[in-house]
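Next comes protein.txt, with compact mmCIF, C-alpha atoms.
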# COMPACT_ATOMS: atom_id res chain seq x y z
CA MET Z 1 0.00 0.00 0.00
CA GLY Z 2 2.83 2.40 0.91
CA GLU Z 3 4.34 2.08 -2.56
CA HIS Z 4 1.17 3.41 -4.21
CA LEU Z 5 0.22 6.02 -1.60
CA PHE Z 6 1.36 9.06 -3.59
CA ASN Z 7 0.80 7.76 -7.11
CA GLY Z 8 -2.22 10.04 -7.51
CA PHE Z 9 -0.08 13.17 -7.08
CA GLU Z 10 2.19 14.69 -9.68
CA PRO Z 11 5.79 15.15 -8.45
CA VAL Z 12 6.79 18.76 -7.72
CA SER Z 13 10.34 19.73 -8.60
CA SER Z 14 12.61 22.00 -6.59
CA LYS Z 15 12.36 24.59 -9.37
CA GLN Z 16 8.55 24.60 -9.17
CA TRP Z 17 8.65 25.09 -5.40
CA LYS Z 18 10.99 28.06 -5.77
CA GLN Z 19 8.80 29.61 -8.46
CA GLN Z 20 5.73 29.31 -6.25
CA ILE Z 21 7.58 30.75 -3.25
CA GLN Z 22 8.86 33.65 -5.34
CA TYR Z 23 5.29 34.33 -6.50
CA GLU Z 24 4.00 34.32 -2.92
CA LEU Z 25 6.76 36.74 -1.87
CA LYS Z 26 5.27 39.35 -4.23
CA GLY Z 27 8.61 40.62 -5.45
CA ALA Z 28 10.61 40.31 -2.23
CA ASP Z 29 14.04 38.73 -2.62
CA TYR Z 30 14.06 34.99 -1.91
CA ASN Z 31 17.54 34.90 -0.35
CA ASP Z 32 17.16 38.05 1.74
CA THR Z 33 13.71 37.09 3.03
CA LEU Z 34 13.83 33.34 3.66
CA VAL Z 35 17.47 32.22 3.75
CA TRP Z 36 19.10 32.85 7.12
CA GLU Z 37 22.65 32.33 8.32
CA SER Z 38 23.65 30.59 11.54
CA PRO Z 39 26.50 31.76 13.81
CA GLU Z 40 28.59 29.04 12.17
CA GLY Z 41 28.13 30.60 8.74
CA ILE Z 42 25.69 27.96 7.50
CA LYS Z 43 22.96 29.28 5.23
CA VAL Z 44 19.65 27.60 5.99
CA LYS Z 45 17.14 27.32 3.16
CA PRO Z 46 13.35 27.43 3.63
CA PHE Z 47 12.97 23.95 2.13
CA TYR Z 48 15.11 20.98 1.11
CA HIS Z 49 14.34 18.78 -1.89
CA GLY Z 50 15.55 15.53 -3.40
CA ASP Z 51 16.45 17.31 -6.63
CA GLU Z 52 19.24 19.22 -4.91
CA ASP Z 53 19.81 17.79 -1.43
CA THR Z 54 20.66 14.15 -1.94
CA THR Z 55 23.61 13.78 0.44
CA ARG Z 56 23.57 10.43 2.26
CA LEU Z 57 26.46 10.33 4.68
CA GLY Z 58 25.76 6.84 5.95
CA ILE Z 59 26.67 7.55 9.57
CA ASN Z 60 26.52 4.42 11.72
CA THR Z 61 24.77 5.43 14.92
CA PRO Z 62 24.57 2.92 17.82
CA GLU Z 63 22.29 -0.05 17.23
CA LYS Z 64 21.58 -0.31 20.95
CA ALA Z 65 19.11 2.25 22.30
CA PHE Z 66 20.43 5.15 24.39
CA SER Z 67 21.07 4.53 28.06
CA ILE Z 68 19.60 6.71 30.84
CA LEU Z 69 22.65 7.79 32.85
CA GLN Z 70 22.50 8.93 36.47
CA ASN Z 71 25.29 11.09 37.90
CA ILE Z 72 26.30 10.40 41.52
CA PHE Z 73 28.99 12.42 43.31
CA VAL Z 74 30.67 10.20 45.88
CA HIS Z 75 30.76 12.08 49.18
CA ASP Z 76 29.87 9.13 51.38
CA VAL Z 77 30.53 5.66 49.91
CA LYS Z 78 27.67 3.93 51.72
CA LYS Z 79 25.12 6.61 50.80
CA SER Z 80 26.36 6.66 47.19
CA ASN Z 81 25.89 2.90 46.98
CA GLU Z 82 22.35 3.18 48.39
CA ARG Z 83 21.54 5.98 45.97
CA ALA Z 84 22.81 3.98 43.00
CA LEU Z 85 20.63 1.00 43.96
CA ASP Z 86 17.63 3.28 44.39
CA THR Z 87 18.06 5.12 41.08
CA LEU Z 88 18.50 1.84 39.18
CA ASN Z 89 15.24 0.62 40.70
CA ARG Z 90 13.60 3.89 39.62
CA GLY Z 91 14.56 3.66 35.96
CA ALA Z 92 18.21 4.65 35.58
CA GLU Z 93 20.10 2.24 33.32
CA SER Z 94 23.70 3.26 33.95
CA ILE Z 95 25.56 5.10 36.71
CA ARG Z 96 28.41 7.59 36.68
CA PHE Z 97 30.32 7.95 39.95
CA THR Z 98 32.50 11.01 40.40
CA ILE Z 99 35.28 9.87 42.76
CA GLU Z 100 37.44 12.58 44.30
CA ASN Z 101 40.20 10.54 45.96
CA GLU Z 102 41.92 7.17 46.00
CA SER Z 103 40.68 6.14 49.44
CA VAL Z 104 37.27 5.04 48.11
CA SER Z 105 36.59 1.33 48.65
CA LEU Z 106 35.39 -0.11 45.35
CA GLU Z 107 33.93 -3.19 47.04
CA GLU Z 108 31.82 -1.04 49.37
CA LEU Z 109 30.79 1.36 46.60
CA MET Z 110 29.67 -1.44 44.26
CA GLN Z 111 28.18 -3.77 46.88
CA GLY Z 112 24.90 -5.32 45.74
CA LEU Z 113 24.88 -3.51 42.39
CA PRO Z 114 24.18 -5.48 39.20
CA LEU Z 115 27.64 -5.58 37.63
CA GLU Z 116 27.39 -7.50 34.35
CA ASP Z 117 24.34 -5.96 32.69
CA THR Z 118 24.64 -2.35 33.91
CA ALA Z 119 27.24 0.13 32.67
CA TYR Z 120 29.20 2.12 35.26
CA PHE Z 121 31.42 5.13 34.62
CA PHE Z 122 34.07 6.24 37.11
CA TYR Z 123 34.94 9.89 36.50
CA LEU Z 124 38.30 10.64 38.13
CA PRO Z 125 39.33 14.31 38.58
CA PHE Z 126 42.83 13.08 39.44
CA LEU Z 127 45.44 10.88 37.77
CA ALA Z 128 46.60 7.84 39.76
CA ILE Z 129 48.02 4.69 38.15
CA ASP Z 130 47.47 2.51 41.23
CA PHE Z 131 43.80 3.43 41.59
CA VAL Z 132 43.15 2.78 37.89
CA ALA Z 133 44.82 -0.62 38.35
CA LYS Z 134 42.44 -1.34 41.27
CA ILE Z 135 39.43 -0.51 39.09
CA ASN Z 136 40.81 -2.68 36.28
CA ASP Z 137 41.34 -5.63 38.66
CA PHE Z 138 37.89 -5.21 40.21
CA THR Z 139 36.32 -5.16 36.74
CA SER Z 140 38.14 -8.32 35.68
CA LYS Z 141 37.38 -10.28 38.87
CA ASN Z 142 33.69 -9.37 38.90
CA ASN Z 143 33.06 -9.41 35.12
CA ALA Z 144 31.77 -5.85 35.54
CA ASN Z 145 30.94 -3.31 32.83
CA ILE Z 146 33.05 -0.34 33.92
CA THR Z 147 34.50 2.62 32.02
CA ILE Z 148 37.07 4.94 33.60
CA GLN Z 149 36.95 8.60 32.63
CA ILE Z 150 40.31 10.39 32.69
CA ASP Z 151 41.09 13.55 30.71
CA PRO Z 152 44.34 15.44 31.49
CA ILE Z 153 43.82 17.81 28.54
CA GLY Z 154 40.31 18.50 29.84
CA GLN Z 155 41.89 19.26 33.21
CA LEU Z 156 44.18 21.79 31.55
CA VAL Z 157 41.27 23.37 29.65
CA LYS Z 158 39.06 23.72 32.72
CA ASP Z 159 41.58 24.36 35.49
CA GLY Z 160 44.42 26.05 33.63
CA ASN Z 161 46.94 23.51 34.98
CA TRP Z 162 47.83 19.88 34.35
CA PHE Z 163 47.40 17.31 37.12
CA ASP Z 164 51.24 17.40 37.40
CA ASN Z 165 52.76 18.62 34.14
CA LEU Z 166 52.50 17.64 30.48
CA ASP Z 167 55.29 15.06 30.50
CA LYS Z 168 54.29 13.37 33.77
CA ASP Z 169 50.61 13.28 32.86
CA PHE Z 170 51.29 11.59 29.54
CA ASP Z 171 53.82 9.20 31.07
CA LYS Z 172 51.06 8.07 33.44
CA LEU Z 173 48.53 7.85 30.62
CA ASN Z 174 50.86 5.68 28.54
CA ASN Z 175 51.41 3.46 31.58
CA ILE Z 176 47.64 3.15 32.05
CA ALA Z 177 47.10 2.47 28.34
CA SER Z 178 49.61 -0.39 28.37
CA LYS Z 179 48.21 -2.11 31.47
CA THR Z 180 44.47 -1.36 31.43
CA ALA Z 181 42.01 -3.51 29.52
CA ILE Z 182 38.93 -1.36 30.10
CA PRO Z 183 38.16 2.02 28.48
CA PHE Z 184 39.95 4.83 30.35
CA LEU Z 185 40.15 7.87 28.07
CA THR Z 186 37.52 10.64 27.96
CA ILE Z 187 37.22 13.82 25.90
CA SER Z 188 35.42 16.39 28.06
CA SER Z 189 34.17 18.60 25.24
CA GLY Z 190 31.05 19.96 26.97
CA ILE Z 191 33.09 22.84 28.35
CA TYR Z 192 33.49 24.33 24.88
CA GLN Z 193 29.72 24.63 24.46
CA ASN Z 194 29.14 25.84 28.01
CA ALA Z 195 31.76 28.56 27.53
CA GLY Z 196 30.09 29.89 24.37
CA ALA Z 197 31.92 28.25 21.44
CA ASN Z 198 29.83 27.88 18.29
CA MET Z 199 29.16 24.40 16.89
CA VAL Z 200 31.97 24.41 14.35
CA GLN Z 201 34.41 25.38 17.10
CA GLN Z 202 33.03 22.71 19.42
CA LEU Z 203 33.54 20.02 16.80
CA ALA Z 204 36.99 21.23 15.73
CA TYR Z 205 38.29 21.59 19.31
CA THR Z 206 36.92 18.16 20.23
CA LEU Z 207 38.62 16.61 17.20
CA ALA Z 208 41.90 18.38 18.04
CA HIS Z 209 41.48 17.19 21.66
CA VAL Z 210 41.23 13.60 20.40
CA ASN Z 211 44.13 14.05 17.99
CA ASP Z 212 46.52 15.20 20.72
CA TYR Z 213 45.80 11.95 22.58
CA PHE Z 214 46.34 9.86 19.46
CA ASN Z 215 49.65 11.65 18.92
CA ARG Z 216 50.90 11.35 22.50
CA ILE Z 217 49.60 7.93 23.63
CA LYS Z 218 51.44 5.08 21.95
CA VAL Z 219 48.51 2.68 21.66
CA VAL Z 220 44.81 3.19 22.40
CA ASN Z 221 43.12 -0.22 22.17
CA GLN Z 222 39.98 0.75 24.08
CA PRO Z 223 36.92 2.78 23.02
CA ILE Z 224 37.17 6.52 23.68
CA THR Z 225 34.38 8.29 25.54
CA ILE Z 226 33.34 11.76 24.38
CA GLU Z 227 31.22 13.98 26.61
CA VAL Z 228 29.13 16.55 24.77
CA ALA Z 229 26.80 19.37 25.83
CA VAL Z 230 23.81 20.23 23.64
CA GLY Z 231 21.67 23.37 23.43
CA THR Z 232 18.18 24.08 22.13
CA ASN Z 233 18.99 24.59 18.44
CA TYR Z 234 17.15 21.33 17.80
CA PHE Z 235 18.12 20.22 14.28
CA PHE Z 236 21.59 21.76 14.47
CA GLU Z 237 22.34 19.79 17.65
CA ILE Z 238 21.20 16.54 16.00
CA ALA Z 239 23.50 17.33 13.09
CA LYS Z 240 26.36 18.27 15.46
CA LEU Z 241 26.36 14.86 17.13
CA ARG Z 242 26.18 13.07 13.79
CA ALA Z 243 29.04 15.21 12.46
CA LEU Z 244 31.08 14.43 15.59
CA ARG Z 245 30.77 10.69 15.07
CA LEU Z 246 31.63 11.08 11.38
CA LEU Z 247 34.69 13.22 12.13
CA PHE Z 248 35.90 10.97 14.94
CA ASN Z 249 35.76 7.84 12.81
CA THR Z 250 37.49 9.64 9.93
CA LEU Z 251 40.32 10.71 12.24
CA ALA Z 252 40.54 7.38 14.07
CA ARG Z 253 41.08 5.48 10.83
CA GLU Z 254 44.26 7.50 10.25
CA TYR Z 255 45.64 5.96 13.46
CA ASN Z 256 44.26 2.47 12.73
CA HIS Z 257 41.86 2.87 15.63
CA THR Z 258 38.80 0.87 14.56
CA LEU Z 259 36.59 1.27 17.64
CA ASP Z 260 33.66 3.69 17.53
CA CYS Z 261 33.48 6.40 20.17
CA HIS Z 262 31.01 6.28 23.06
CA ILE Z 263 29.12 9.59 23.22
CA ILE Z 264 27.62 10.79 26.51
CA VAL Z 265 25.38 13.84 26.17
CA THR Z 266 24.22 16.32 28.81
CA PRO Z 267 22.06 19.44 28.28
CA THR Z 268 24.04 22.67 28.37
CA LYS Z 269 24.02 25.02 31.36
CA ARG Z 270 24.58 28.05 29.15
CA ASN Z 271 20.89 28.70 28.45
CA LYS Z 272 19.54 27.61 31.84
CA THR Z 273 17.97 30.21 34.09
CA LEU Z 274 17.54 30.96 37.75
CA TYR Z 275 14.19 32.72 37.39
CA ASP Z 276 11.19 30.91 35.94
CA TYR Z 277 13.26 27.77 36.47
CA ASN Z 278 10.51 25.39 35.37
CA VAL Z 279 11.20 26.47 31.78
CA ASN Z 280 14.50 24.63 32.20
CA MET Z 281 12.51 21.39 31.97
CA LEU Z 282 11.24 22.38 28.53
CA ARG Z 283 14.75 23.24 27.42
CA THR Z 284 16.26 19.99 28.69
CA THR Z 285 13.48 17.93 27.09
CA THR Z 286 14.20 19.21 23.57
CA GLU Z 287 17.93 18.96 24.23
CA CYS Z 288 17.59 15.33 25.29
CA MET Z 289 15.53 14.69 22.16
CA SER Z 290 18.34 16.13 20.02
CA ALA Z 291 20.82 13.92 21.88
CA ILE Z 292 18.81 10.78 21.24
CA LEU Z 293 18.08 11.50 17.59
CA GLY Z 294 21.72 12.52 17.06
CA GLY Z 295 22.92 9.09 18.18
CA ALA Z 296 24.01 9.48 21.80
CA ASN Z 297 25.03 6.26 23.52
CA ALA Z 298 23.99 7.64 26.90
CA VAL Z 299 22.11 10.71 28.08
CA ALA Z 300 22.60 12.28 31.52
CA ASN Z 301 19.83 14.82 31.95
CA LEU Z 302 20.37 18.06 33.85
CA PRO Z 303 17.93 18.62 36.76
CA TYR Z 304 15.82 21.77 36.37
CA ASP Z 305 17.17 23.13 39.68
CA ALA Z 306 20.83 22.19 39.21
CA LEU Z 307 21.89 25.86 39.18
CA TYR Z 308 20.76 26.71 42.68
CA HIS Z 309 19.96 23.49 44.58
CA LYS Z 310 22.31 20.86 45.91
CA ASP Z 311 21.76 17.32 44.62
CA ASN Z 312 18.29 16.28 45.68
CA GLU Z 313 16.00 13.34 45.07
CA PHE Z 314 13.15 15.39 43.59
CA GLY Z 315 15.25 17.16 40.95
CA ASP Z 316 16.98 13.92 39.98
CA ARG Z 317 13.67 12.09 39.74
CA ILE Z 318 12.15 14.71 37.45
CA ALA Z 319 15.23 14.67 35.21
CA ARG Z 320 15.23 10.89 35.05
CA ASN Z 321 11.49 10.76 34.37
CA GLN Z 322 11.89 13.09 31.39
CA LEU Z 323 14.11 10.46 29.79
CA LEU Z 324 11.82 7.61 30.84
CA VAL Z 325 8.90 9.36 29.11
CA LEU Z 326 10.96 9.86 25.95
CA LYS Z 327 12.02 6.21 25.98
CA HIS Z 328 8.95 4.31 27.12
CA GLU Z 329 6.04 6.59 26.22
CA SER Z 330 7.38 8.49 23.21
CA TYR Z 331 9.23 5.39 21.89
CA PHE Z 332 12.44 7.21 21.06
CA ASP Z 333 14.30 3.92 21.50
CA LYS Z 334 12.38 2.03 18.81
CA VAL Z 335 14.00 3.39 15.64
CA ASN Z 336 17.69 3.18 14.90
CA ASN Z 337 19.22 6.21 13.17
CA PRO Z 338 15.94 8.08 12.51
CA ALA Z 339 17.73 11.15 11.09
CA ASP Z 340 19.43 9.14 8.34
CA GLY Z 341 18.47 10.44 4.90
CA ALA Z 342 16.59 13.52 6.13
CA TYR Z 343 17.63 16.16 3.57
CA TYR Z 344 17.83 19.05 6.03
CA ILE Z 345 19.75 17.17 8.75
CA GLU Z 346 22.10 15.51 6.26
CA SER Z 347 22.87 18.92 4.73
CA LEU Z 348 23.56 20.47 8.14
CA THR Z 349 25.71 17.50 9.16
CA GLU Z 350 27.81 17.74 6.02
CA GLN Z 351 28.33 21.49 6.32
CA LEU Z 352 29.20 21.34 10.03
CA ALA Z 353 31.65 18.51 9.41
CA GLU Z 354 33.32 20.29 6.49
CA LYS Z 355 33.72 23.58 8.36
CA ALA Z 356 34.94 21.82 11.51
CA LEU Z 357 37.48 19.82 9.51
CA LEU Z 358 38.90 23.01 7.99
CA LEU Z 359 39.23 24.62 11.43
CA PHE Z 360 40.77 21.42 12.82
CA LYS Z 361 43.41 21.49 10.07
CA GLU Z 362 44.22 25.11 10.92
CA ILE Z 363 44.72 24.16 14.58
CA GLU Z 364 46.98 21.26 13.65
CA GLU Z 365 49.05 23.43 11.30
CA LYS Z 366 49.70 25.74 14.27
CA GLY Z 367 50.85 22.97 16.59
CA GLY Z 368 47.65 21.32 17.84
CA LEU Z 369 45.18 22.00 20.63
CA ILE Z 370 47.64 22.03 23.55
CA THR Z 371 49.92 24.50 21.79
CA GLN Z 372 46.99 26.70 20.84
CA LEU Z 373 45.72 26.64 24.43
CA ILE Z 374 49.13 27.65 25.78
CA GLU Z 375 49.29 30.51 23.25
CA GLY Z 376 45.74 31.57 24.24
CA ASN Z 377 44.25 31.37 20.76
CA ILE Z 378 41.52 28.85 21.63
CA GLN Z 379 40.39 30.93 24.62
CA LYS Z 380 40.33 34.06 22.47
CA LYS Z 381 38.17 32.46 19.78
CA ILE Z 382 35.72 31.06 22.32
CA SER Z 383 35.48 34.46 24.06
CA GLU Z 384 34.72 36.15 20.74
CA SER Z 385 31.99 33.65 19.93
CA ALA Z 386 30.54 33.92 23.46
CA ALA Z 387 30.53 37.74 23.23
CA LYS Z 388 28.51 37.61 20.00
CA GLU Z 389 25.95 35.30 21.57
CA GLN Z 390 25.81 37.44 24.72
CA GLU Z 391 25.15 40.52 22.59
CA LEU Z 392 22.23 38.74 20.90
CA PHE Z 393 20.81 37.83 24.31
CA ASP Z 394 21.30 41.31 25.76
CA SER Z 395 19.56 42.88 22.74
CA GLY Z 396 16.65 40.44 22.97
CA LYS Z 397 17.38 38.74 19.64
CA GLU Z 398 18.21 35.51 21.42
CA VAL Z 399 15.30 34.76 23.71
CA LEU Z 400 15.22 32.90 27.01
CA LEU Z 401 11.55 32.79 27.90
CA GLY Z 402 10.80 34.06 31.39
CA THR Z 403 14.17 35.80 31.62
CA ASN Z 404 14.70 38.37 28.86
CA LYS Z 405 11.18 37.95 27.45
CA TYR Z 406 7.96 37.81 29.47
CA PRO Z 407 9.70 37.74 32.89
CA ASN Z 408 7.56 37.31 35.98
CA LYS Z 409 8.49 40.37 38.06
CA ASN Z 410 6.99 38.78 41.18
CA ASP Z 411 9.34 35.79 40.98
CA LYS Z 412 11.71 35.78 43.98
CA MET Z 413 14.79 33.55 44.22
CA LYS Z 414 17.11 35.01 46.87
CA GLY Z 415 15.77 32.74 49.62
CA ASP Z 416 16.10 29.55 47.53
CA LEU Z 417 19.81 29.66 46.69
CA GLU Z 418 21.65 26.68 48.14
CA LEU Z 419 24.43 27.07 45.55
CA TYR Z 420 26.10 30.14 44.08
CA PRO Z 421 24.71 30.17 40.52
CA PHE Z 422 27.16 32.62 38.93
CA LEU Z 423 30.70 32.65 37.62
CA LYS Z 424 33.11 32.19 40.53
CA GLN Z 425 36.28 34.28 40.58
CA ASN Z 426 39.32 32.52 42.03
CA PRO Z 427 42.52 34.41 41.10
CA ARG Z 428 45.53 32.08 41.16
CA LYS Z 429 48.60 31.20 39.15
CA THR Z 430 47.90 28.92 36.18
CA LEU Z 431 49.85 27.68 33.19
CA ILE Z 432 47.16 28.90 30.78
CA THR Z 433 44.01 30.98 31.01
CA PRO Z 434 41.31 28.38 31.68
CA VAL Z 435 38.23 28.14 29.50
CA ILE Z 436 35.45 29.60 31.66
CA GLU Z 437 31.86 28.35 31.56
CA LYS Z 438 29.29 31.13 31.84
CA ARG Z 439 25.52 31.32 31.42
CA LEU Z 440 23.87 33.93 29.22
CA ALA Z 441 21.46 35.15 31.90
CA GLU Z 442 23.94 35.73 34.73
CA LYS Z 443 24.21 39.52 34.57
CA LEU Z 444 20.45 40.00 34.27
CA GLU Z 445 19.80 37.60 37.15
CA GLN Z 446 22.32 39.32 39.41
CA GLU Z 447 20.58 42.64 38.79
CA ARG Z 448 17.20 41.11 39.66
CA LEU Z 449 18.55 39.50 42.82
CA ALA Z 450 19.99 42.82 43.94
CA GLN Z 451 16.55 44.42 43.57
CA GLU Z 452 14.64 41.81 45.60
Using structure tokens, write down the structure from this file.
Amino acid sequence: MGEHLFNGFEPVSSKQWKQQIQYELKGADYNDTLVWESPEGIKVKPFYHGDEDTTRLGINTPEKAFSILQNIFVHDVKKSNERALDTLNRGAESIRFTIENESVSLEELMQGLPLEDTAYFFYLPFLAIDFVAKINDFTSKNNANITIQIDPIGQLVKDGNWFDNLDKDFDKLNNIASKTAIPFLTISSGIYQNAGANMVQQLAYTLAHVNDYFNRIKVVNQPITIEVAVGTNYFFEIAKLRALRLLFNTLAREYNHTLDCHIIVTPTKRNKTLYDYNVNMLRTTTECMSAILGGANAVANLPYDALYHKDNEFGDRIARNQLLVLKHESYFDKVNNPADGAYYIESLTEQLAEKALLLFKEIEEKGGLITQLIEGNIQKKISESAAKEQELFDSGKEVLLGTNKYPNKNDKMKGDLELYPFLKQNPRKTLITPVIEKRLAEKLEQERLAQE
């Protein structure tokens, strides 16, 4: 039946569509009126047609449906274990523990948890060969599904300093790579988005981030994890994730690395707001949808109150339930690679990938990401991009509903702040200027708080 559904309709060519649009415009210029340009320099057409837009990139997104990832910061090992058990019973499908020091007992942390069928991520904001060896041994003995997340370059980007120094950090990484069977390497690329980089920059810096590891680690025989932040530019974010996977696999082949990357996606903080905070749930819902349709392996949703509340069961439950609704009621897990062949998304993916590849080549010609960070060029480019976006927000051209458009003047927040929701200043000596995450609404929110 499907084959004959449209047989009664004459095909309409791209040329005919344009002629009809031009007629309806009553003399107005087609390009000036309907074609708009993104911050990345991509011109978006009002329609896409098989006559012209036939790109089929053939990106292999994961066959297995996305996993609902729960973040747990390990303050107290016993409580973290209890929380992990509880969140798995409430719908989480994988757990990420952030472990701050080497004294954590793995046996106590993982006691009673399902080890074989559930994925666990251990994010380590430190670099310790012995502790990684403990995790590797625990994984082997218990047949557990564990991924370690270590990123010395990400440490440099965020903190301005290495864990020790460049040589020592990479000596340790090479030691870990030679003795560790489980995945250990992570690319923390979400910071580029949260600091205000445009999508082409995000992709190029992530690719350069990966390339520096390929160049400096002798052998990487394990899958690489890439953490990504997504915003509310729905179709562009879908295309960004697809372009990332395409670019990664293209680069990896040059190093004979045949394993696909594992992409973990989290909604950005950059567009989240303190006032009218319930709108954050709408933002994170569309962002999670982009993540899923773009081919994320795992999605860790951002609680609506993450800016101003400490970790709490209610915020986590709402965030987790958003993903459960998308998976089990909206059936976002039922179709593999749903964006494949969509003219608009394929066109965006191709253009983002091409522009990012050109920028990546420029970075490599100038010494690579680490060199460019030390010289301050990456920070400068991100600051310029962030300033342009901030100007759009300040002028009202970029809208955050309830904040710079239709704000509720009676909304009060001063009494609800458990966390400081603004950029923290901590002057200290660093090797490089760190890349600083900053939200668009901070200045406006500080002015409102001062007037309460």
Query - Nearest residue to Leu57 of chain Z from the set Z:Ala339, Z:Ile363, Z:Leu392, Z:Ala386 (distances using all atoms listed in the file) - result: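 Of Z:Ala339, Z:Ile363, Z:Leu392, Z:Ala386, the one nearest Leu57 of chain Z is Z:Ala339, counting all atoms listed in the file.
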Query - Pick from Z:Val157, Z:Ile72, Z:Val132, Z:Ile95 nearest to Ile370 of chain Z, counting only C-alpha atoms - result: Z:Val157
Requested in this report: Could you give me, as a count of residues only, the residues within 6 Å of Ile263 of chain Z, counting all atoms listed in the file and dropping anything in the same chain fewer than 4 positions from it?
Outcome: 5
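Ranking Z:Ser103, Z:Thr206, Z:Asn215, Z:Asn271 by their shortest atom-to-atom distance to Phe393 of chain Z, with only C-alpha atoms included, puts Z:Asn271 first.
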Query raised in the report: So which one's closest to Leu357 of chain Z, Z:Ser189, Z:Gln202, Z:Thr61, Z:Gln222? Using only C-alpha atoms, please.
Result: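 Once distances to Leu357 of chain Z are computed over only C-alpha atoms, the minimum belongs to Z:Gln202.
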Report summary line: The residue from Z:Glu329, Z:Glu287, Z:Asp276, Z:Glu447 with the smallest atom-to-atom distance to Lys405 of chain Z, counting all atoms listed in the file, is Z:Asp276
Report summary line: Of Z:Tyr255, Z:Tyr213, Z:Tyr120, Z:Tyr331, the one nearest to Asp169 of chain Z when counting all atoms listed in the file is Z:Tyr213
Query - Distance in Å - atom CA of Glu346 of chain Z versus atom CA of Leu358 of chain Z - result: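 Between these atoms lies a distance of 18.5 Å.
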Query - Gap from atom CA of Val200 of chain Z to atom CA of Ala356 of chain Z - Å, one decimal - result: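 These atoms are spaced 4.9 Å apart.
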Query raised in the report: Got a sec: who's within 9 Å of Tyr192 of chain Z, counting all atoms listed in the file, leaving out chain neighbours fewer than 6 positions off, as an MDAnalysis selection string?
Result: chainID Z and resid 198 201:202 205:206 228:229 382 435:437
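Excluding Pro46 of chain Z itself and same-chain residues fewer than 4 positions from it, the residues having an atom within 9 Å of it are Leu34, Val35 and Trp36 of chain Z, counting all atoms listed in the file.
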Query - Residue contacts of Thr186 of chain Z (9 Å, all atoms listed in the file) excluding same-chain residues fewer than 2 positions away, as number ranges by chain - result: Z: 123, 148-151, 154, 183-184, 188, 210, 224-227
Query - Val219 of chain Z environment, 7 Å, all atoms listed in the file, sequence neighbours closer than 2 positions dropped, as a PyMOL selection string - result: chain Z and resi 177+217+221
Requested in this report: Grab the atom CA of Lys424 of chain Z to atom CA of Glu102 of chain Z distance for me, in Å with one decimal place.
Outcome: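 For atom CA of Lys424 of chain Z relative to atom CA of Glu102 of chain Z, the distance reads 27.1 Å.
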